[in-house]
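*Asks:* Below: one structure in structure tokens.
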Amino acid sequence: MADTVHWADVIAENMLKEDGKHLVAAGITPSGHIHTGNLREFVTADVVYRDLLDRGEDVDFICIADSYDPLHKVYPFLPESYAEHVGKPISEIPCPCGSCVNYAEHFLKPSLEALRRIGINPRICKTDEMYRAGRFNEAIKTALINREVIAKILEEFSGKTVASDWSPFNPRCNECGKITKTKVMGFNPEAETVDYTCACGHSGTEPMAGGGKLTWRVDWPARWKILGVTVESFGKDHAPKGGSYDTGKRIVKEIYGHKAPYPVVCAQTTLGKRGTMYSSTGIAISVSDMLEVIPPEILRYLIIRTKPEKSIRFDPGQPFLTLADEYERLRVQFGRKDPSPGIFEKRIYELSMLTGIYQSEIPFKQMTTIYQVARGDFDQILKIIKRSGFSIENEKCIRDLKDNVSRWLELYAPPFAKFKVKEKVPVQVATISELQKAFLSAFAALIEAKGEVSKEIKISGEEYHMLVYSAKKEGSELNRKIAERLNTQVAPQIDPGDLFKAIYISILGQGSGPRAGWFLSSFEKEFLIKRFEEASTYSPGKR
Ligand SMILES: [Zn+2]
Ligand SMILES: [Zn+2]
């Protein structure tokens, strides 16, 4: 990689040039479930936040939930009855399930839960609470007084004339509850009220506090000023020339006398081969669905290793396994106390890590082997994990990984990653050669011999692997034992590939399988000894 400095460090170094407290922000509109682009904005902001924190800076991280945004339309996931609520703030609409405080909470709660699962815990600022508490009052007054100036700024960027009755503030109609149908007729800065008429026929006076909302292009810069946001991540849709960041930058400076936050623009994040990741049922995958499959640290790694301005295209099938392997390589390399050099990659790893959350030390790919050997049985899985030399102290973490693997195998695993351990010696064993049979018998004897020394002795994946390879070497114990079984004095010429094939055939009934070391160390020695002995003497008639 050409880069030597991680993008988060570049942003942090820019922020260090500013005096005072830093406030990192990312926004969410809880009108539906959190989407992958939104998730990326939060991971990106979180990384900048942690980076500044690591440098000992005074920094805070907030999630601005636009719970006072109006419902824009009846989304496909909503019943038709929601048509009457279009135009009302989402904090003032009933929740679809009937058990949440309001519509906004219904979607905000699971979104924040998803963020927590990937180690993101920002302070939450809800716009409905901010408006009702009057925190926007000054900004509303200033905007209403400067209506002409704001309109001019917007006209400069859009090249279009702003309507003569346009207002930066949208009052909330006290009759129909909508903030999209009203017109400002006047305002009283002392009383902090706004007079309006509504398309529903109603007219009246509402307080600025909780009686309406600034239009988006003014609302955003007003927030920057009110909250003191210094750096914010947002989607590309706000970033084009003349987009809401450009106009917001001018408005916050000229109207509110404040500086726009440092922008971190996040490019598109698409999942799957054809743009959107679909489950087998054809339904677009949500962030929560994604988290059912991808371990949180690997999801972070996917986002963190890519510069925010570069789009991410992610395929949950084979490419995901490759990604998990890459992460595993970094974990092994940098998880040690004394890591080998590779500062740039080390930084990616550090930022992907979930501080404060125990992470599994079992590679995802190895867990797919363990899971399938154990046929999904959790007690068996724990036994195998222990046998494979991992700690089973944190059961919850292992269970989470097991659940990820189970969903991945069900939904996205390519055929080569799946296998079934045959309960009995499979008929395919009839196809193996005399040499392969001699190997299985000799291999079983060697495993048994190791077991006789002590029942407690575990044979590691690496040892199994080396043992199979030793067959090639003239004079090795395995080579000699194979020769004995073939009744020959001449050291047999052996291709280890054939031996691995014999192992897979005798256990799975197919010529290939998962990485042999991991695979073999997942079984109890007794099972392997019995299976290989049976396979070495197998004849079709004997079953
Ligand atoms: Zn609900
Ligand atoms: Zn109305």
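If you're wondering about the labels, chains in the structure tokens are A, B, ... by order shown, residues count from 1 in each chain, ligands from 1 in order shown.
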Kindly work out which residues sit at most 7 Å from ligand 2, using only C-alpha atoms and all ligand atoms, and give the list as a ChimeraX atom specification.

*Replies:* /A:173-178,181-182,198-202

*Asks:* Write out the residues from the selection above, keeping C-alpha atoms, as an mmCIF file, in the first residue's frame.

*Replies:*
```
data_model
loop_
_atom_site.group_PDB
_atom_site.id
_atom_site.type_symbol
_atom_site.label_atom_id
_atom_site.label_comp_id
_atom_site.auth_asym_id
_atom_site.auth_seq_id
_atom_site.Cartn_x
_atom_site.Cartn_y
_atom_site.Cartn_z
ATOM 1 C CA CYS A 173 -49.959 23.419 12.572
ATOM 2 C CA ASN A 174 -51.757 23.070 15.850
ATOM 3 C CA GLU A 175 -54.770 21.537 14.112
ATOM 4 C CA CYS A 176 -53.386 18.883 11.731
ATOM 5 C CA GLY A 177 -49.958 18.492 13.367
ATOM 6 C CA LYS A 178 -48.044 18.862 10.085
ATOM 7 C CA LYS A 181 -48.211 22.536 4.975
ATOM 8 C CA THR A 182 -47.816 25.865 6.775
ATOM 9 C CA CYS A 198 -51.968 25.995 7.140
ATOM 10 C CA ALA A 199 -53.204 24.295 3.985
ATOM 11 C CA CYS A 200 -55.733 22.477 6.191
ATOM 12 C CA GLY A 201 -57.503 25.811 6.710
ATOM 13 C CA HIS A 202 -56.269 26.452 10.207
#
```

*Asks:* Against segment 45-68 of chain A, which residues of segment 162-258 of chain A fall within 10 Å? For each one I want the closest pair of atoms and the distance in Å (one decimal), counting only C-alpha atoms, rows by chain and increasing residue number, as a Markdown table.

*Replies:*
```
| residue | atom | partner | partner_atom | distance |
| --- | --- | --- | --- | --- |
| A:Ile179 | CA | A:Tyr68 | CA | 9.8 |
| A:Gly210 | CA | A:Tyr68 | CA | 9.2 |
| A:Gly212 | CA | A:Tyr68 | CA | 8.8 |
| A:Lys213 | CA | A:Tyr68 | CA | 7.5 |
| A:Arg223 | CA | A:Ile64 | CA | 9.0 |
| A:Leu227 | CA | A:Ile62 | CA | 9.4 |
| A:Val229 | CA | A:Ile62 | CA | 8.9 |
| A:Thr230 | CA | A:Val59 | CA | 9.7 |
| A:Val231 | CA | A:Ala45 | CA | 8.3 |
| A:Glu232 | CA | A:Ala45 | CA | 6.9 |
| A:Ser233 | CA | A:Ala45 | CA | 5.8 |
| A:Phe234 | CA | A:Ala45 | CA | 9.0 |
```

*Asks:* Can I get the selection written as a PDB file, in the first residue's frame, with C-alpha atoms?

*Replies:*
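This is the output file out27.pdb:
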```
ATOM      1  CA  ILE A 179     -44.962  21.020   9.555  1.00  0.00           C
ATOM      2  CA  GLY A 210     -41.585  22.987  19.748  1.00  0.00           C
ATOM      3  CA  GLY A 212     -42.033  23.998  14.165  1.00  0.00           C
ATOM      4  CA  LYS A 213     -38.661  23.257  12.603  1.00  0.00           C
ATOM      5  CA  ARG A 223     -27.048  22.602  14.895  1.00  0.00           C
ATOM      6  CA  LEU A 227     -23.911  22.060  19.660  1.00  0.00           C
ATOM      7  CA  VAL A 229     -19.771  20.520  16.173  1.00  0.00           C
ATOM      8  CA  THR A 230     -16.142  20.615  14.949  1.00  0.00           C
ATOM      9  CA  VAL A 231     -16.028  17.525  12.746  1.00  0.00           C
ATOM     10  CA  GLU A 232     -18.909  15.634  11.147  1.00  0.00           C
ATOM     11  CA  SER A 233     -19.185  12.617   8.878  1.00  0.00           C
ATOM     12  CA  PHE A 234     -22.003  12.518   6.357  1.00  0.00           C
TER      13      PHE A 234
END
```

*Asks:* Which protein, DNA or RNA residues have an atom within 8 Å of ligand 1, counting only C-alpha atoms and all ligand atoms, as a PDB file with all heavy atoms, in the first residue's frame?

*Replies:*
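The file below, out-v6.pdb, is the result:
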```
ATOM      1  N   CYS A  95     -46.030   4.708  17.062  1.00  0.00           N
ATOM      2  CA  CYS A  95     -45.037   3.717  16.632  1.00  0.00           C
ATOM      3  C   CYS A  95     -45.708   2.545  15.930  1.00  0.00           C
ATOM      4  O   CYS A  95     -46.817   2.163  16.283  1.00  0.00           O
ATOM      5  CB  CYS A  95     -44.243   3.272  17.849  1.00  0.00           C
ATOM      6  SG  CYS A  95     -44.319   1.534  18.178  1.00  0.00           S
ATOM      7  N   PRO A  96     -45.069   1.963  14.914  1.00  0.00           N
ATOM      8  CA  PRO A  96     -45.685   0.865  14.160  1.00  0.00           C
ATOM      9  C   PRO A  96     -45.971  -0.391  14.987  1.00  0.00           C
ATOM     10  O   PRO A  96     -46.897  -1.129  14.664  1.00  0.00           O
ATOM     11  CB  PRO A  96     -44.649   0.556  13.071  1.00  0.00           C
ATOM     12  CG  PRO A  96     -43.797   1.777  12.967  1.00  0.00           C
ATOM     13  CD  PRO A  96     -43.781   2.378  14.333  1.00  0.00           C
ATOM     14  N   CYS A  97     -45.213  -0.650  16.055  1.00  0.00           N
ATOM     15  CA  CYS A  97     -45.462  -1.888  16.801  1.00  0.00           C
ATOM     16  C   CYS A  97     -46.401  -1.672  17.983  1.00  0.00           C
ATOM     17  O   CYS A  97     -46.888  -2.619  18.578  1.00  0.00           O
ATOM     18  CB  CYS A  97     -44.148  -2.519  17.259  1.00  0.00           C
ATOM     19  SG  CYS A  97     -43.415  -1.749  18.710  1.00  0.00           S
ATOM     20  N   GLY A  98     -46.620  -0.426  18.314  1.00  0.00           N
ATOM     21  CA  GLY A  98     -47.560  -0.133  19.393  1.00  0.00           C
ATOM     22  C   GLY A  98     -46.954  -0.121  20.789  1.00  0.00           C
ATOM     23  O   GLY A  98     -47.645   0.184  21.751  1.00  0.00           O
ATOM     24  N   SER A  99     -45.660  -0.466  20.915  1.00  0.00           N
ATOM     25  CA  SER A  99     -45.118  -0.497  22.271  1.00  0.00           C
ATOM     26  C   SER A  99     -44.005   0.528  22.535  1.00  0.00           C
ATOM     27  O   SER A  99     -43.459   0.560  23.635  1.00  0.00           O
ATOM     28  CB  SER A  99     -44.650  -1.909  22.627  1.00  0.00           C
ATOM     29  OG  SER A  99     -43.766  -2.385  21.664  1.00  0.00           O
ATOM     30  N   CYS A 100     -43.675   1.343  21.533  1.00  0.00           N
ATOM     31  CA  CYS A 100     -42.648   2.370  21.760  1.00  0.00           C
ATOM     32  C   CYS A 100     -43.332   3.720  22.005  1.00  0.00           C
ATOM     33  O   CYS A 100     -44.497   3.891  21.685  1.00  0.00           O
ATOM     34  CB  CYS A 100     -41.711   2.483  20.568  1.00  0.00           C
ATOM     35  SG  CYS A 100     -41.126   0.906  19.969  1.00  0.00           S
ATOM     36  N   VAL A 101     -42.560   4.649  22.551  1.00  0.00           N
ATOM     37  CA  VAL A 101     -43.119   5.969  22.887  1.00  0.00           C
ATOM     38  C   VAL A 101     -43.648   6.663  21.630  1.00  0.00           C
ATOM     39  O   VAL A 101     -44.703   7.285  21.647  1.00  0.00           O
ATOM     40  CB  VAL A 101     -42.037   6.846  23.556  1.00  0.00           C
ATOM     41  CG1 VAL A 101     -42.629   8.175  24.010  1.00  0.00           C
ATOM     42  CG2 VAL A 101     -41.403   6.113  24.721  1.00  0.00           C
ATOM     43  N   ASN A 102     -42.889   6.576  20.548  1.00  0.00           N
ATOM     44  CA  ASN A 102     -43.333   7.176  19.291  1.00  0.00           C
ATOM     45  C   ASN A 102     -42.606   6.511  18.113  1.00  0.00           C
ATOM     46  O   ASN A 102     -41.752   5.646  18.310  1.00  0.00           O
ATOM     47  CB  ASN A 102     -43.107   8.697  19.297  1.00  0.00           C
ATOM     48  CG  ASN A 102     -41.657   9.060  19.563  1.00  0.00           C
ATOM     49  OD1 ASN A 102     -40.748   8.517  18.928  1.00  0.00           O
ATOM     50  ND2 ASN A 102     -41.419   9.961  20.510  1.00  0.00           N
ATOM     51  N   TYR A 103     -42.945   6.961  16.923  1.00  0.00           N
ATOM     52  CA  TYR A 103     -42.388   6.405  15.686  1.00  0.00           C
ATOM     53  C   TYR A 103     -40.855   6.501  15.670  1.00  0.00           C
ATOM     54  O   TYR A 103     -40.154   5.542  15.352  1.00  0.00           O
ATOM     55  CB  TYR A 103     -42.988   7.179  14.508  1.00  0.00           C
ATOM     56  CG  TYR A 103     -42.564   6.711  13.132  1.00  0.00           C
ATOM     57  CD1 TYR A 103     -43.417   5.929  12.359  1.00  0.00           C
ATOM     58  CD2 TYR A 103     -41.326   7.068  12.599  1.00  0.00           C
ATOM     59  CE1 TYR A 103     -43.043   5.510  11.089  1.00  0.00           C
ATOM     60  CE2 TYR A 103     -40.939   6.646  11.341  1.00  0.00           C
ATOM     61  CZ  TYR A 103     -41.795   5.875  10.587  1.00  0.00           C
ATOM     62  OH  TYR A 103     -41.412   5.461   9.334  1.00  0.00           O
ATOM     63  N   GLU A 105     -38.691   6.704  18.096  1.00  0.00           N
ATOM     64  CA  GLU A 105     -38.062   5.793  19.066  1.00  0.00           C
ATOM     65  C   GLU A 105     -38.050   4.355  18.550  1.00  0.00           C
ATOM     66  O   GLU A 105     -37.105   3.605  18.777  1.00  0.00           O
ATOM     67  CB  GLU A 105     -38.810   5.844  20.402  1.00  0.00           C
ATOM     68  CG  GLU A 105     -38.480   7.052  21.237  1.00  0.00           C
ATOM     69  CD  GLU A 105     -37.001   7.144  21.613  1.00  0.00           C
ATOM     70  OE1 GLU A 105     -36.449   6.137  22.088  1.00  0.00           O
ATOM     71  OE2 GLU A 105     -36.407   8.213  21.392  1.00  0.00           O
ATOM     72  N   HIS A 106     -39.140   3.999  17.856  1.00  0.00           N
ATOM     73  CA  HIS A 106     -39.275   2.636  17.332  1.00  0.00           C
ATOM     74  C   HIS A 106     -38.078   2.277  16.449  1.00  0.00           C
ATOM     75  O   HIS A 106     -37.581   1.151  16.486  1.00  0.00           O
ATOM     76  CB  HIS A 106     -40.579   2.519  16.537  1.00  0.00           C
ATOM     77  CG  HIS A 106     -40.783   1.189  15.877  1.00  0.00           C
ATOM     78  ND1 HIS A 106     -41.368   0.128  16.526  1.00  0.00           N
ATOM     79  CD2 HIS A 106     -40.434   0.736  14.642  1.00  0.00           C
ATOM     80  CE1 HIS A 106     -41.399  -0.916  15.712  1.00  0.00           C
ATOM     81  NE2 HIS A 106     -40.840  -0.578  14.562  1.00  0.00           N
ATOM     82  N   PHE A 107     -37.622   3.229  15.635  1.00  0.00           N
ATOM     83  CA  PHE A 107     -36.502   2.950  14.740  1.00  0.00           C
ATOM     84  C   PHE A 107     -35.151   3.337  15.349  1.00  0.00           C
ATOM     85  O   PHE A 107     -34.126   2.743  15.006  1.00  0.00           O
ATOM     86  CB  PHE A 107     -36.705   3.654  13.400  1.00  0.00           C
ATOM     87  CG  PHE A 107     -37.811   3.029  12.594  1.00  0.00           C
ATOM     88  CD1 PHE A 107     -39.040   3.647  12.459  1.00  0.00           C
ATOM     89  CD2 PHE A 107     -37.618   1.783  11.999  1.00  0.00           C
ATOM     90  CE1 PHE A 107     -40.069   3.056  11.736  1.00  0.00           C
ATOM     91  CE2 PHE A 107     -38.639   1.183  11.269  1.00  0.00           C
ATOM     92  CZ  PHE A 107     -39.874   1.819  11.141  1.00  0.00           C
TER      93      PHE A 107
END
```

*Asks:* I want to know what sits within 9 Å of segment 29-38 of chain A, based on only C-alpha atoms, with residues of the same chain fewer than 4 positions away left out; could you give that as an MDAnalysis selection string?

*Replies:* chainID A and resid 42:43 64:72 75 77 90 103:112 114 234:235 266:271 285:288 290

*Asks:* Residues at most 10 Å from Gly242 of chain A, counting only C-alpha atoms, excluding those fewer than 5 positions away in the same chain, as a PyMOL selection string?

*Replies:* chain A and resi 154-159+247-248

*Asks:* Looking at only C-alpha atoms, which of A:Ala445, A:Thr127, A:Pro540, A:Tyr262 is the one that sits closest to Leu16 of chain A?

*Replies:*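 Once distances to Leu16 of chain A are computed over only C-alpha atoms, the minimum belongs to A:Tyr262.
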
*Asks:* Considering only C-alpha atoms, state which residue in the set A:Asp237, A:Ile303, A:Ser311, A:Ala139 is at the smallest distance from Gly257 of chain A.

*Replies:*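 With only C-alpha atoms as the atom set, the closest residue is A:Ala139.
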
*Asks:* Taking only C-alpha atoms into account, produce a table as a tab-separated table in which each residue of segment 365-409 of chain A with an atom at most 12 Å from an atom of segment 496-513 of chain A appears once, together with its shortest atom pair and the distance in Å to one decimal, ordered by chain and rising number.

*Replies:*
```
residue	atom	partner	partner_atom	distance
A:Thr368	CA	A:Gly513	CA	11.5
A:Thr369	CA	A:Gly513	CA	9.1
A:Gln372	CA	A:Leu508	CA	11.0
A:Val373	CA	A:Leu508	CA	10.1
```

*Asks:* Take the residues from that selection and put them in a file with C-alpha atoms, as a tab-separated table (two decimals), in the first residue's frame.

*Replies:*
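Okay, this is what ended up in out_23.tsv:
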```
chain	number	residue	atom	x	y	z
A	368	THR	CA	-16.91	-22.70	10.26
A	369	THR	CA	-14.95	-25.98	10.48
A	372	GLN	CA	-19.75	-28.18	11.08
A	373	VAL	CA	-17.73	-30.89	12.84
```
